[in-house]
Each structure stands twice: as structure tokens, then as C-alpha cells.
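*Asks:* Supplied in C-alpha cells, the structure appears directly below.
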Amino acid sequence: MISRRDFASRASLAVAGTGLAALAATTSQAAPVTSSALAPTPALPFAGEWTASGSLRRAGGTLNFAVVGEAKAGVPPVILLHKLGGWLSDWRFVAPLLAQGRQVIAFDLPGHGGSRWDGAAPYIQTLGETAALLVGAFDEMGFDKVDLIGTSLGGCLSVPLAAFWPERVRSLALVSCALGGRKTLDEIRTGIDEKQTDLFDANGNPVPTPPELIEKIFGIVHPAKINAEGILSRRAAGKWIQPSERGVGMTDIAGTLPRIAAPTLLVYGEFDKAYVKFRKGAEAALRNGRTQVVKNAGAFVMQDNPSETARILNAFLASL
């Protein structure tokens with residue numbers, strides 16, 4: 001993803017009883033989720049206020065997720081997708097604030113957090129195949145429609161999901177995303193493989209980076225705490241970070257935006273230095289879009305200012 005290239009150039013089932021009941025509740029768009037749809041999942045790295053956690057076996061791997069809030073008839077669940085090299089715990093401060101009268105489910109994306117895939121990581125993990133995996137998860141969990149919120153990598157893959165499965169997405173929020181055009185394989189090799197040698201070791205695993213870099217590149221307001229957690233989440237993602245980033249680079253995200261029919265909210269941090277440059281093009285491309293800025297936050301708004309991020313997202317959901 002663009003900011004990462006800039007970055008490199010500058011340097012058993014864990015379910016509470018009430019949670020399982022919430023996950024299995026029905027809505028007018030959803031069928032019950034039974035325990036057979038769940039599989040053992042690793043412990044979440046940070047407890048948060050999740051009421052349930054579990055995993056779903058998909059083709060080639062297992063998707064890890066966590067849940068908070070009770071399902072409500074007629075209200076689609078909110079799906080939260082994290083950033084490149086992140087994990088579902090990135091959303092742990094925002095998720096409970098969104099779970100007022102609705103169910104909120106955060107996923108670990110392939111190879112990230114507790115989601116594990118068979119065999120070695122591919123050279124490219126495309127956004128299209130990850131989007132299809134998520135749609136398969138929605139099917140198994142009984143969700144006909146969802147309110148989809150993604151940041152960074154999670155937002156980028158939300159674009160093809162909303163565009164090519166429009167019947168499954170009631171609304172879309174794109175939080176701090178690199179909404180650019182398609183790059184060639186040569187450009188991807190140059191921008192990722194050759195320019196990120198200081199971010200990864202010889203085996204392709206991420207190396208720790210200082211908090212000053214995320215402050216400089218992403219405009220983060222609270223860099224020390226966020227960077228310390230980011231080192232852990234990037235370590236968990238390991239060799240899946242670059243394949244996921246290559247999948248973003250080879251996708252014409254900007255060209256796909258006009259296909260999205262769902263009401264769409266663009267969200268940027270007040271001090272964001274990485275993603276705001278995509279704002280003008282995205283606003284022009286979206287058929288039904290609006291924009292909000294999170295005050296006192298850099299690009300990682302859900303971590304820098306979770307209460308204001310939740311306020312903005314709740315207002316958007318309430319307007320639907």
C-alpha cells in the first residue's frame with residue numbers, strides 16, 4: 001500500500017454463554033448461527049469487551065473473529081476489518097461503542113491475527129479472493145446483509161466486496177484507505193519487494209520499527225502505545241503482510257469505486273499524512289458518498305481517537 005512504500009523508503013472455542021446466544025440470535029436478514037459454525041480459536045491478544053470469539057474454516061484456512069453486542073431484528077450486523085499488518089483487536093475500543101442495539105463482528109484477515117492459512121503465504125493475496133472468503137463467512141453465519149466498515153487493507157478489500165456483492169452490503173465506511181489505481185507487477189516488485197528491505201528480514205518477516213516513523217508517515221497522535229501494539233500485530237501477520245499489500249497494489253480500487261451503490265462514508269484523521277491524498281478522487285468517484293474527519297487523530301483513527309471515531313460511525317449508521 002502507498003503508505004508502506006513511503007514508510008520503507010524513510011526507514012479451544014472462547015465464547016461466553018451470553019455471547020454465544022447473541023451470535024446465534026436471528027434477525028430479519030439472518031439465520032441462526034449454531035455452534036457447528038464455530039471452531040476453536042486462539043486467545044485474543046487483548047481482551048477488550050468482546051462477548052464471543054470463534055473461527056470459521058474457509059477454503060485453505062481459518063478465519064478468526066470476535067463478537068460484541070446482541071443481534072436485533074431488522075438490523076444488519078456491523079463487520080469490522082482491520083489494517084495491513086493489524087488484527088481485529090485494533091477495533092476493540094470502537095466495537096463496544098458501536099454495539100448499541102446491534103451486533104458487531106470483527107474479523108482477522110487471512111494470515112493476520114488468529115486467522116491461519118495452510119502452507120506458505122502466496123506471493124499475492126488478491127482483494128477479490130479475500131472478499132469472496134468473507135462473503136462465504138457471511139453465508140455460513142447466516143448474514144444476508146451487513147454494514148461494512150474497513151480501514152487500510154480492510155477498507156481496500158471492502159471496495160470489491162461492496163461493488164461485486166451489492167446485495168450483501170447495506171452500507172460501507174472506508175476509514176483511512178489507499179484508494180488508488182492498479183499497478184503492474186513490475187511496479188509492485190519495485191515498490192514493495194525492492195524498497196521494503198528495511199522493514200523485513202531476509203526471511204520476509206517484519207522487523208520492529210520505532211514510534212517516530214508512524215508519527216512521521218501516518219501522523220499518529222499517540223505513537224508509542226500504538227507502535228508497541230503494531231509490532232506485535234505485524235509479528236503475528238508475518239509473511240502475509242507483503243502478499244496482502246501486493247493484492248492492494250494490483251487492484252484498480254479507484255476504478256471500482258463508481259460501481260458501489262451502497263451509501264458510503266469516507267473517514268480520515270485530522271493529521272493523516274498517508275491517505276488523505278485519495279480523498280478528492282474518491283469523493284468524485286462515489287455515487288452516494290460523504291466524508292467525515294476525526295479530530296485529534298492520525299491515520300489510525302480507531303486507535304488514536306476511538307470515541308470520536310465511534311461517534312462518527314454511529315451517526316452514519318443511524319442515518320441509514
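The way I read the labels, and the way they are meant: chains A, B, ... in the order of the C-alpha cells, residue 1 as the first residue of every chain, and ligand 1 as the first ligand shown, with later ones counted on from there.
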Contacts between range 257-276 of chain A and range 148-195 of chain A, please, where a residue of range 148-195 of chain A counts if it comes within 9 Å (with only C-alpha atoms); show its shortest atom pair and distance in Å to one decimal, rows by chain and ascending number, as JSON lines.
*Replies:*
```
{"residue": "A:Ser152", "atom": "CA", "partner": "A:Tyr275", "partner_atom": "CA", "distance": 8.7}
{"residue": "A:Val159", "atom": "CA", "partner": "A:Leu257", "partner_atom": "CA", "distance": 6.6}
{"residue": "A:Pro160", "atom": "CA", "partner": "A:Leu257", "partner_atom": "CA", "distance": 8.2}
{"residue": "A:Ala162", "atom": "CA", "partner": "A:Ile260", "partner_atom": "CA", "distance": 6.0}
{"residue": "A:Ala163", "atom": "CA", "partner": "A:Ile260", "partner_atom": "CA", "distance": 4.6}
{"residue": "A:Phe164", "atom": "CA", "partner": "A:Arg259", "partner_atom": "CA", "distance": 8.0}
{"residue": "A:Pro166", "atom": "CA", "partner": "A:Ala261", "partner_atom": "CA", "distance": 6.8}
{"residue": "A:Val169", "atom": "CA", "partner": "A:Ala262", "partner_atom": "CA", "distance": 6.7}
{"residue": "A:Arg170", "atom": "CA", "partner": "A:Ala262", "partner_atom": "CA", "distance": 5.9}
{"residue": "A:Ser171", "atom": "CA", "partner": "A:Ala262", "partner_atom": "CA", "distance": 5.1}
{"residue": "A:Leu172", "atom": "CA", "partner": "A:Thr264", "partner_atom": "CA", "distance": 4.7}
{"residue": "A:Ala173", "atom": "CA", "partner": "A:Leu265", "partner_atom": "CA", "distance": 4.5}
{"residue": "A:Leu174", "atom": "CA", "partner": "A:Leu266", "partner_atom": "CA", "distance": 5.0}
{"residue": "A:Val175", "atom": "CA", "partner": "A:Val267", "partner_atom": "CA", "distance": 4.6}
{"residue": "A:Ser176", "atom": "CA", "partner": "A:Tyr268", "partner_atom": "CA", "distance": 5.3}
{"residue": "A:Cys177", "atom": "CA", "partner": "A:Tyr275", "partner_atom": "CA", "distance": 5.8}
{"residue": "A:Ala178", "atom": "CA", "partner": "A:Tyr275", "partner_atom": "CA", "distance": 5.6}
{"residue": "A:Leu179", "atom": "CA", "partner": "A:Tyr275", "partner_atom": "CA", "distance": 8.0}
```
*Asks:* Those same residues, written as an mmCIF file, in the first residue's frame with N, CA and C atoms?
*Replies:*
```cif
data_model
loop_
_atom_site.group_PDB
_atom_site.id
_atom_site.type_symbol
_atom_site.label_atom_id
_atom_site.label_comp_id
_atom_site.auth_asym_id
_atom_site.auth_seq_id
_atom_site.Cartn_x
_atom_site.Cartn_y
_atom_site.Cartn_z
ATOM 1 N N SER A 152 -7.686 0.786 5.985
ATOM 2 C CA SER A 152 -6.449 0.371 5.318
ATOM 3 C C SER A 152 -6.723 -0.872 4.462
ATOM 4 N N VAL A 159 -13.982 -2.538 -0.832
ATOM 5 C CA VAL A 159 -14.430 -1.920 -2.091
ATOM 6 C C VAL A 159 -14.905 -2.975 -3.081
ATOM 7 N N PRO A 160 -14.112 -3.986 -3.461
ATOM 8 C CA PRO A 160 -14.647 -5.007 -4.364
ATOM 9 C C PRO A 160 -15.780 -5.815 -3.743
ATOM 10 N N ALA A 162 -18.176 -4.704 -1.718
ATOM 11 C CA ALA A 162 -19.392 -3.914 -1.870
ATOM 12 C C ALA A 162 -19.783 -3.736 -3.335
ATOM 13 N N ALA A 163 -18.777 -3.678 -4.209
ATOM 14 C CA ALA A 163 -19.052 -3.448 -5.630
ATOM 15 C C ALA A 163 -19.603 -4.685 -6.321
ATOM 16 N N PHE A 164 -19.085 -5.860 -5.984
ATOM 17 C CA PHE A 164 -19.435 -7.064 -6.722
ATOM 18 C C PHE A 164 -20.413 -7.979 -5.993
ATOM 19 N N PRO A 166 -23.245 -6.390 -4.246
ATOM 20 C CA PRO A 166 -24.001 -5.232 -3.732
ATOM 21 C C PRO A 166 -25.206 -5.630 -2.888
ATOM 22 N N VAL A 169 -24.306 -5.780 1.036
ATOM 23 C CA VAL A 169 -23.791 -4.638 1.791
ATOM 24 C C VAL A 169 -24.823 -3.523 1.822
ATOM 25 N N ARG A 170 -25.354 -3.257 3.027
ATOM 26 C CA ARG A 170 -26.315 -2.168 3.172
ATOM 27 C C ARG A 170 -25.606 -0.819 3.177
ATOM 28 N N SER A 171 -24.452 -0.747 3.833
ATOM 29 C CA SER A 171 -23.686 0.494 3.895
ATOM 30 C C SER A 171 -22.207 0.157 3.997
ATOM 31 N N LEU A 172 -21.381 1.157 3.683
ATOM 32 C CA LEU A 172 -19.937 0.960 3.641
ATOM 33 C C LEU A 172 -19.249 2.175 4.257
ATOM 34 N N ALA A 173 -18.282 1.934 5.129
ATOM 35 C CA ALA A 173 -17.423 3.004 5.643
ATOM 36 C C ALA A 173 -15.977 2.648 5.353
ATOM 37 N N LEU A 174 -15.287 3.541 4.675
ATOM 38 C CA LEU A 174 -13.887 3.353 4.298
ATOM 39 C C LEU A 174 -13.045 4.295 5.145
ATOM 40 N N VAL A 175 -12.321 3.734 6.094
ATOM 41 C CA VAL A 175 -11.595 4.511 7.096
ATOM 42 C C VAL A 175 -10.101 4.484 6.783
ATOM 43 N N SER A 176 -9.555 5.622 6.380
ATOM 44 C CA SER A 176 -8.113 5.723 6.128
ATOM 45 C C SER A 176 -7.637 4.630 5.172
ATOM 46 N N CYS A 177 -7.974 4.770 3.915
ATOM 47 C CA CYS A 177 -7.671 3.735 2.911
ATOM 48 C C CYS A 177 -6.892 4.304 1.734
ATOM 49 N N ALA A 178 -6.023 3.471 1.152
ATOM 50 C CA ALA A 178 -5.283 3.826 -0.055
ATOM 51 C C ALA A 178 -6.133 3.458 -1.265
ATOM 52 N N LEU A 179 -6.970 4.381 -1.698
ATOM 53 C CA LEU A 179 -7.947 4.113 -2.755
ATOM 54 C C LEU A 179 -7.364 4.508 -4.106
#
```
*Asks:* Identify, with DSSP run on backbone atoms, the residues in range 170-241 of chain A assigned to helix (DSSP H, G or I), and express the list as a ChimeraX atom specification.
*Replies:* /A:185-193,211-218,223-241
*Asks:* Put those residues in a file: C-alpha atoms, as an mmCIF file, in the first residue's frame.
*Replies:*
```cif
data_model
loop_
_atom_site.group_PDB
_atom_site.id
_atom_site.type_symbol
_atom_site.label_atom_id
_atom_site.label_comp_id
_atom_site.auth_asym_id
_atom_site.auth_seq_id
_atom_site.Cartn_x
_atom_site.Cartn_y
_atom_site.Cartn_z
ATOM 1 C CA LEU A 185 3.678 -6.454 -11.440
ATOM 2 C CA ASP A 186 6.908 -4.626 -12.209
ATOM 3 C CA GLU A 187 5.698 -1.605 -10.236
ATOM 4 C CA ILE A 188 4.685 -3.869 -7.367
ATOM 5 C CA ARG A 189 8.076 -5.572 -7.344
ATOM 6 C CA THR A 190 9.814 -2.206 -7.382
ATOM 7 C CA GLY A 191 7.582 -0.564 -4.791
ATOM 8 C CA ILE A 192 7.299 -3.461 -2.355
ATOM 9 C CA ASP A 193 9.946 -6.110 -2.929
ATOM 10 C CA PRO A 211 7.285 5.002 17.011
ATOM 11 C CA GLU A 212 8.759 8.099 15.378
ATOM 12 C CA LEU A 213 8.182 6.547 11.965
ATOM 13 C CA ILE A 214 4.434 6.024 12.328
ATOM 14 C CA GLU A 215 4.171 9.566 13.675
ATOM 15 C CA LYS A 216 6.044 10.895 10.651
ATOM 16 C CA ILE A 217 4.367 8.794 7.979
ATOM 17 C CA PHE A 218 0.833 8.373 9.345
ATOM 18 C CA PRO A 223 2.632 6.786 18.522
ATOM 19 C CA ALA A 224 4.318 4.970 21.413
ATOM 20 C CA LYS A 225 1.378 2.828 22.514
ATOM 21 C CA ILE A 226 0.060 2.229 19.009
ATOM 22 C CA ASN A 227 3.505 1.331 17.668
ATOM 23 C CA ALA A 228 4.152 -1.131 20.501
ATOM 24 C CA GLU A 229 0.944 -2.965 19.662
ATOM 25 C CA GLY A 230 1.675 -2.691 15.954
ATOM 26 C CA ILE A 231 4.968 -4.524 16.411
ATOM 27 C CA LEU A 232 3.004 -7.412 17.935
ATOM 28 C CA SER A 233 0.288 -7.463 15.266
ATOM 29 C CA ARG A 234 2.826 -7.269 12.436
ATOM 30 C CA ARG A 235 4.745 -10.126 14.011
ATOM 31 C CA ALA A 236 1.533 -12.167 14.073
ATOM 32 C CA ALA A 237 0.874 -11.394 10.396
ATOM 33 C CA GLY A 238 4.466 -12.230 9.479
ATOM 34 C CA LYS A 239 4.955 -13.237 5.870
ATOM 35 C CA TRP A 240 1.339 -12.369 4.974
ATOM 36 C CA ILE A 241 1.890 -8.616 5.111
#
```
*Asks:* Work out how far apart CA of Gly86 in chain A and CA of Ser158 in chain A are and give it in Å to one decimal.
*Replies:*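 A separation of 15.7 Å between them.
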*Asks:* Considering only C-alpha atoms, state which residue in the set A:Glu283, A:Asp304, A:Glu140, A:Asp147 is at the smallest distance from Phe316 in chain A.
*Replies:*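 Counting only C-alpha atoms, the residue closest to Phe316 in chain A is A:Asp147.
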*Asks:* Using only C-alpha atoms, which residues sit within 8 Å of Thr62 in chain A once same-chain residues fewer than 6 positions away are excluded, as a PyMOL selection string?
*Replies:* chain A and resi 55-56+110+115-117
*Asks:* Please produce, as a tab-separated table, a per-residue contact table for range 242-275 of chain A versus range 81-84 of chain A (criterion: any atom at most 9 Å away, only C-alpha atoms considered), showing the nearest atom pair and its distance in Å to one decimal, sorted by chain then residue number.
*Replies:*
```
residue	atom	partner	partner_atom	distance
A:Gln242	CA	A:Leu84	CA	9.0
A:Ser244	CA	A:Leu84	CA	7.4
A:Glu245	CA	A:Leu84	CA	7.3
```
*Asks:* Quote the spacing between CA of Glu308 in chain A and CA of Asn64 in chain A in Å to one decimal place.
*Replies:* 26.8 Å
*Asks:* One number please: CA of Thr184 in chain A to CA of Leu157 in chain A, in Å, one decimal.
*Replies:* 18.2 Å
*Asks:* What residues in range 173-262 of chain A get the DSSP label strand (DSSP E or B)? Please answer as a VMD selection string.
*Replies:* chain A and resid 173 to 175 200 206
*Asks:* Using the selection just defined, write its residues with N, CA and C atoms as an mmCIF file, in the first residue's frame.
*Replies:*
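Final file, again.cif:
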```
data_model
loop_
_atom_site.group_PDB
_atom_site.id
_atom_site.type_symbol
_atom_site.label_atom_id
_atom_site.label_comp_id
_atom_site.auth_asym_id
_atom_site.auth_seq_id
_atom_site.Cartn_x
_atom_site.Cartn_y
_atom_site.Cartn_z
ATOM 1 N N ALA A 173 -18.282 1.934 5.129
ATOM 2 C CA ALA A 173 -17.423 3.004 5.643
ATOM 3 C C ALA A 173 -15.977 2.648 5.353
ATOM 4 N N LEU A 174 -15.287 3.541 4.675
ATOM 5 C CA LEU A 174 -13.887 3.353 4.298
ATOM 6 C C LEU A 174 -13.045 4.295 5.145
ATOM 7 N N VAL A 175 -12.321 3.734 6.094
ATOM 8 C CA VAL A 175 -11.595 4.511 7.096
ATOM 9 C C VAL A 175 -10.101 4.484 6.783
ATOM 10 N N PHE A 200 11.633 -5.633 6.577
ATOM 11 C CA PHE A 200 11.510 -7.084 6.682
ATOM 12 C C PHE A 200 12.897 -7.716 6.711
ATOM 13 N N PRO A 206 8.453 -9.235 9.334
ATOM 14 C CA PRO A 206 8.617 -7.818 9.679
ATOM 15 C C PRO A 206 9.565 -7.630 10.853
#
```
*Asks:* Excluding same-chain residues fewer than 2 positions from Gly255 in chain A, what lies within 9 Å of it counting only C-alpha atoms, as a count of residues only?
*Replies:* 10
*Asks:* Let me make sure I understand: among A:Gly101, A:Pro122, A:Gly111, A:Gly128, which one has the smallest atom-to-atom distance to Gly85 in chain A if we use only C-alpha atoms?
*Replies:*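 Nearest to Gly85 in chain A: A:Gly111.
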